[in-house]
Structures are given as C-alpha cells and as structure tokens.
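A.B. asks: Below is my_file24.cif; it holds mmCIF, C-alpha atoms.
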```cif
data_target
#
loop_
_atom_site.label_atom_id
_atom_site.label_comp_id
_atom_site.auth_asym_id
_atom_site.auth_seq_id
_atom_site.Cartn_x
_atom_site.Cartn_y
_atom_site.Cartn_z
CA MET A 7 14.33 60.19 -273.72
CA LEU A 8 15.13 59.58 -277.38
CA GLY A 9 14.49 63.29 -278.22
CA GLN A 10 17.23 64.29 -275.79
CA LEU A 11 19.96 62.12 -277.30
CA LYS A 12 22.65 63.93 -279.23
CA ILE A 13 24.09 61.82 -282.00
CA PRO A 14 27.47 63.13 -283.19
CA GLY A 15 27.31 64.61 -286.69
CA ILE A 16 23.50 64.78 -286.78
CA PRO A 17 21.90 68.11 -285.85
CA THR A 18 19.09 68.22 -283.32
CA THR A 19 15.70 69.49 -284.40
CA GLU A 20 16.44 72.79 -282.65
CA GLU A 21 19.85 73.15 -284.36
CA GLU A 22 18.29 72.35 -287.72
CA GLY A 23 15.48 74.86 -287.14
CA ARG A 24 17.95 77.62 -286.27
CA ALA A 25 20.14 76.80 -289.28
CA ASN A 26 17.17 76.96 -291.66
CA PHE A 27 15.37 79.95 -290.12
CA LYS A 28 14.81 82.77 -292.59
CA LEU A 29 13.68 86.08 -291.14
CA ASP A 30 10.97 87.87 -293.14
CA THR A 31 12.74 91.15 -293.92
CA GLU A 32 9.53 92.81 -295.18
CA LYS A 33 7.47 92.16 -292.03
CA SER A 34 10.18 92.26 -289.35
CA PHE A 35 11.42 95.54 -287.90
CA ALA A 36 12.90 97.29 -284.87
CA LEU A 37 11.89 100.86 -284.06
CA LEU A 38 12.85 103.15 -281.19
CA VAL A 39 11.11 106.55 -280.95
CA ILE A 40 12.45 109.11 -278.48
CA THR A 41 10.35 112.21 -277.84
CA PRO A 42 11.73 115.00 -275.63
CA ILE A 43 8.97 116.33 -273.37
CA HIS A 44 8.75 119.63 -271.53
CA ALA A 45 6.12 119.06 -268.81
CA VAL A 46 4.36 122.05 -267.28
CA SER A 47 2.11 121.94 -264.20
CA ASP A 48 1.02 124.24 -261.41
CA ASP A 49 3.97 122.83 -259.41
CA GLY A 50 6.56 123.86 -262.00
CA GLU A 51 8.28 122.55 -265.10
CA THR A 52 10.47 119.54 -265.87
CA ASP A 53 11.99 117.79 -268.86
CA TYR A 54 12.04 114.08 -269.66
CA ILE A 55 12.11 111.78 -272.67
CA ASP A 56 9.17 109.62 -273.70
CA VAL A 57 10.39 106.31 -275.14
CA ASN A 58 8.49 103.84 -277.36
CA GLU A 59 10.25 100.72 -278.56
CA THR A 60 8.98 98.00 -280.84
CA ILE A 61 10.69 94.90 -282.17
CA GLU A 62 8.58 92.56 -284.30
CA ILE A 63 10.05 89.37 -285.75
CA GLU A 64 8.25 87.32 -288.41
CA PRO A 65 7.62 84.53 -288.99
CA TYR A 66 6.51 83.57 -285.52
CA PRO A 67 6.78 81.06 -284.00
CA ASN A 68 10.43 80.69 -284.85
CA PRO A 69 13.26 78.57 -283.38
CA TYR A 70 14.27 81.44 -281.13
CA GLY A 71 10.78 81.76 -279.62
CA PHE A 72 10.78 85.51 -280.16
CA GLY A 73 7.80 87.20 -281.78
CA GLY A 74 8.45 90.67 -280.54
CA MET A 75 8.95 93.16 -277.78
CA TRP A 76 7.00 96.31 -277.08
CA GLY A 77 7.90 98.88 -274.46
CA HIS A 78 7.09 102.37 -273.30
CA GLY A 79 8.61 104.51 -270.59
CA TRP A 80 9.80 107.86 -269.37
CA HIS A 81 13.42 108.65 -268.59
CA LYS A 82 15.59 111.57 -267.59
CA PRO A 83 17.13 113.26 -270.67
CA GLU A 84 20.63 112.25 -269.55
CA GLU A 85 19.58 108.55 -269.73
CA GLU A 86 19.08 108.66 -273.51
CA LYS A 87 22.41 106.92 -274.28
CA LYS A 88 21.47 104.05 -271.95
CA VAL A 89 18.02 103.77 -273.60
CA ILE A 90 19.67 103.49 -277.03
CA ALA A 91 22.24 100.96 -275.74
CA ASP A 92 19.44 98.82 -274.24
CA PHE A 93 17.56 98.93 -277.55
CA HIS A 94 20.67 97.76 -279.40
CA HIS A 95 21.09 94.95 -276.85
CA TRP A 96 17.72 93.52 -277.98
CA ALA A 97 17.79 94.45 -281.69
CA ASP A 98 21.40 93.75 -282.73
CA PRO A 99 21.12 89.94 -282.48
CA TRP A 100 18.26 90.15 -284.99
CA VAL A 101 20.34 92.35 -287.29
CA GLU A 102 22.92 89.55 -287.23
CA ARG A 103 20.15 87.14 -288.28
CA GLY A 104 19.06 89.32 -291.22
CA LEU A 105 16.92 92.14 -289.81
CA THR A 106 17.28 95.10 -292.17
CA ARG A 107 14.57 97.47 -290.95
CA MET A 108 16.00 99.01 -287.78
CA GLU A 109 15.47 102.67 -286.99
CA ILE A 110 15.98 105.10 -284.13
CA LYS A 111 13.82 108.22 -284.49
CA HIS A 112 14.01 111.44 -282.55
CA ALA A 113 10.58 113.09 -282.59
CA PRO A 114 10.19 116.87 -282.19
CA LYS A 115 10.06 118.25 -278.66
CA GLU A 116 6.57 118.46 -277.17
CA THR A 117 5.15 120.56 -274.36
CA ARG A 118 2.61 118.75 -272.21
CA TYR A 119 0.46 120.25 -269.51
CA VAL A 120 0.17 117.76 -266.65
CA LEU A 121 -1.79 117.63 -263.44
CA THR A 122 -0.07 118.13 -260.11
CA GLU A 123 -0.16 115.14 -257.78
CA ALA A 124 -2.93 116.81 -255.73
CA GLN A 125 -4.99 117.51 -258.89
CA ARG A 126 -4.48 113.95 -260.10
CA GLN A 127 -5.59 112.52 -256.75
CA GLU A 128 -8.68 114.76 -256.72
CA GLN A 129 -9.60 113.55 -260.21
CA ILE A 130 -9.23 109.91 -259.09
CA ASN A 131 -11.37 110.57 -256.00
CA ARG A 132 -14.04 112.28 -258.12
CA LEU A 133 -14.17 109.28 -260.48
CA HIS A 134 -14.45 106.91 -257.50
CA ARG A 135 -17.33 108.96 -256.05
CA GLN A 136 -19.13 108.95 -259.40
CA SER A 137 -18.75 105.21 -259.90
CA SER A 138 -19.74 104.31 -256.34
CA GLY A 139 -22.82 106.57 -256.54
CA LYS A 140 -24.45 104.43 -259.23
CA ALA A 141 -27.31 102.24 -258.05
CA LYS A 142 -26.46 98.60 -257.78
CA VAL A 143 -28.83 96.19 -259.51
CA THR A 144 -29.93 93.15 -257.51
CA PRO A 145 -30.70 89.85 -259.27
CA GLY A 146 -34.47 90.40 -258.79
CA GLN A 147 -34.27 93.86 -260.35
CA GLN A 148 -32.24 92.60 -263.28
CA ALA A 149 -35.33 90.88 -264.77
CA LEU A 150 -37.11 94.26 -264.85
CA ILE A 151 -34.41 95.91 -266.95
#
```
I'd like the structure from this file rewritten - as structure tokens, please.

C.D. replies:
Amino acid sequence: MLGQLKIPGIPTTEEEGRANFKLDTEKSFALLVITPIHAVSDDGETDYIDVNETIEIEPYPNPYGFGGMWGHGWHKPEEEKKVIADFHHWADPWVERGLTRMEIKHAPKETRYVLTEAQRQEQINRLHRQSSGKAKVTPGQQALI
C-alpha cells in the first residue's frame, strides 16, 4: 500500500521516471512508407496503396511502456489522408518528447500481377494435397530413420 500513497510535493516513481526520460534521438524513429499499387489479374485491374509503418522508441523499457509499433496494410487510394492522420496520431506524442527522425515516404508506383480468387484457392488446394500425400512416420519407424 505504501507504493500507492501520494505525498504532496514529492513525485511518484512514475512521475520522476517520465520527468527524467531522455529519448535516444539516434536510435528512435518513425517511418511511414506509402506505395501506390496497380494490381492486374485475369479478373481485371484495381488500384490500392500498400502501407508500412514503423515507430521505434529507444531506450526501452521506458516510463511510457512503448518500445515500438509496426504495421502493414492495404487501403483504397482515397484513404491515404486517413492513413497519414493515423500515423501522426501515434508519432506526434513522441515528437513532443524529442523524436527528431520522423518521415513519410511515397514510393514509386508498382504494378503487381496477382492471382484471381479461384487461382489462389487452387494453389492452396494443391499445397494441401502435396502436404497430405507425404507418408506419416510412426514411432516405430522413427528409429529406422
């Protein structure tokens, strides 16, 4: 119970840790990479954005309990502003605490050839057939291997 007492004028361990925390500006960074994709398949063509986000905070552990965040996803091109706003939501508090390496990159547009849903399912089924066709080893046979 003593650790939970708040004595006026004396900072708690958590308050003291936050007040003395010094972010490592060389090792800490926030990076958002947005790559426009033109996907082509036998079913047609579509556009989307491929998103990779990384926030790494050193030293860890720190009083905020945040070592980093890593994310990947695909979004409609018109959602790019929301993606950037969400990235700022997570990175800006660290900028306020001293983060200096923050970057948003737009990679060149890529064309990717993708399988149709039917082709993808056939590939999955083929892999399942191959893996289930392997002979199973019984415990008695294992000694012979």

A.B. asks: Residue by residue, what does the PyMOL selection byres ((chain A and resi 60) around 7) grab here? Present the result as a list in words.

C.D. replies: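 Output of the PyMOL selection byres ((chain A and resi 60) around 7): Ala36, Leu37, Leu38, Asn58, Glu59, Ile61, Glu62, Met75, Trp76 and Gly77 of chain A.
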
A.B. asks: For each of A:Ile13, A:Ile43, A:Ala113, A:Leu29, take the minimum atom-to-atom distance to Tyr66 in chain A, counting all atoms listed in the file, then give the residue where this is smallest.

C.D. replies: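 Checking each of A:Ile13, A:Ile43, A:Ala113, A:Leu29 against Tyr66 in chain A, counting all atoms listed in the file, the winner is A:Leu29.
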
A.B. asks: Check the smallest atom-to-atom distance from each of A:Gln136, A:Gly71, A:Tyr54, A:Arg126 to Arg24 in chain A using all atoms listed in the file, then report the winner.

C.D. replies: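 The answer is A:Gly71, which sits nearest to Arg24 in chain A.
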
A.B. asks: Could you tell me how far CA of Thr18 in chain A sits from CA of Pro69 in chain A, in Å to one decimal place?

C.D. replies: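 Straight-line distance from CA of Pro69 in chain A to CA of Thr18 in chain A works out to 11.9 Å.
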
A.B. asks: State, in Å with one decimal place, the distance from CA of Ala45 in chain A to CA of Val89 in chain A.

C.D. replies: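 Between these atoms lies a distance of 20.0 Å.
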
A.B. asks: Which neighbours of Ala25 in chain A fall inside 12 Å, counting only C-alpha atoms, when residues of the same chain fewer than 3 positions from it are skipped, and could you give them as a list in words?

C.D. replies: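 Answer for this query is Pro17, Thr18, Thr19, Glu20, Glu21, Glu22, Lys28, Leu29, Asn68, Pro69, Tyr70 and Arg103 of chain A.
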
A.B. asks: List the residues selected by the PyMOL selection byres ((chain A and resi 32) around 12) in the file shown, writing them as a PyMOL selection string.

C.D. replies: chain A and resi 28-31+33-36+62-65+104-108

A.B. asks: What is the distance, in Å and to one decimal place, between CA of Thr117 in chain A and CA of Asp56 in chain A?

C.D. replies: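 Value for the CA of Thr117 in chain A-CA of Asp56 in chain A distance: 11.7 Å.
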
A.B. asks: Applying the PyMOL selection byres ((chain A and resi 82) around 8) to the file I just gave you, which residues come out? Please list them as number ranges by chain.

C.D. replies: A: 53-55, 80-81, 83-86

A.B. asks: Tell me which of A:Val39, A:Leu11, A:Val46, A:Leu133 sits closest to Phe93 in chain A, counting all atoms listed in the file.

C.D. replies: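 Selected residue with least distance to Phe93 in chain A: A:Val39.
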
A.B. asks: Which of these, A:Pro114, A:Val57, A:Gln129, A:His44, has the shortest distance to His78 in chain A once you count only C-alpha atoms?

C.D. replies: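 Looking at the shortest contact to His78 in chain A, the residue is A:Val57.
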
A.B. asks: Restricting the calculation to all atoms listed in the file, which member of A:Ile110, A:Ile130, A:Val101, A:Ile16 is positioned closest to Ile40 in chain A?

C.D. replies: A:Ile110

A.B. asks: Go through A:Gly74, A:Glu102, A:Ala97, A:Tyr119 and flag the residue nearest Thr52 in chain A, using only C-alpha atoms for the distances.

C.D. replies: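 Answer, going by the shortest atom-to-atom distance: A:Tyr119.
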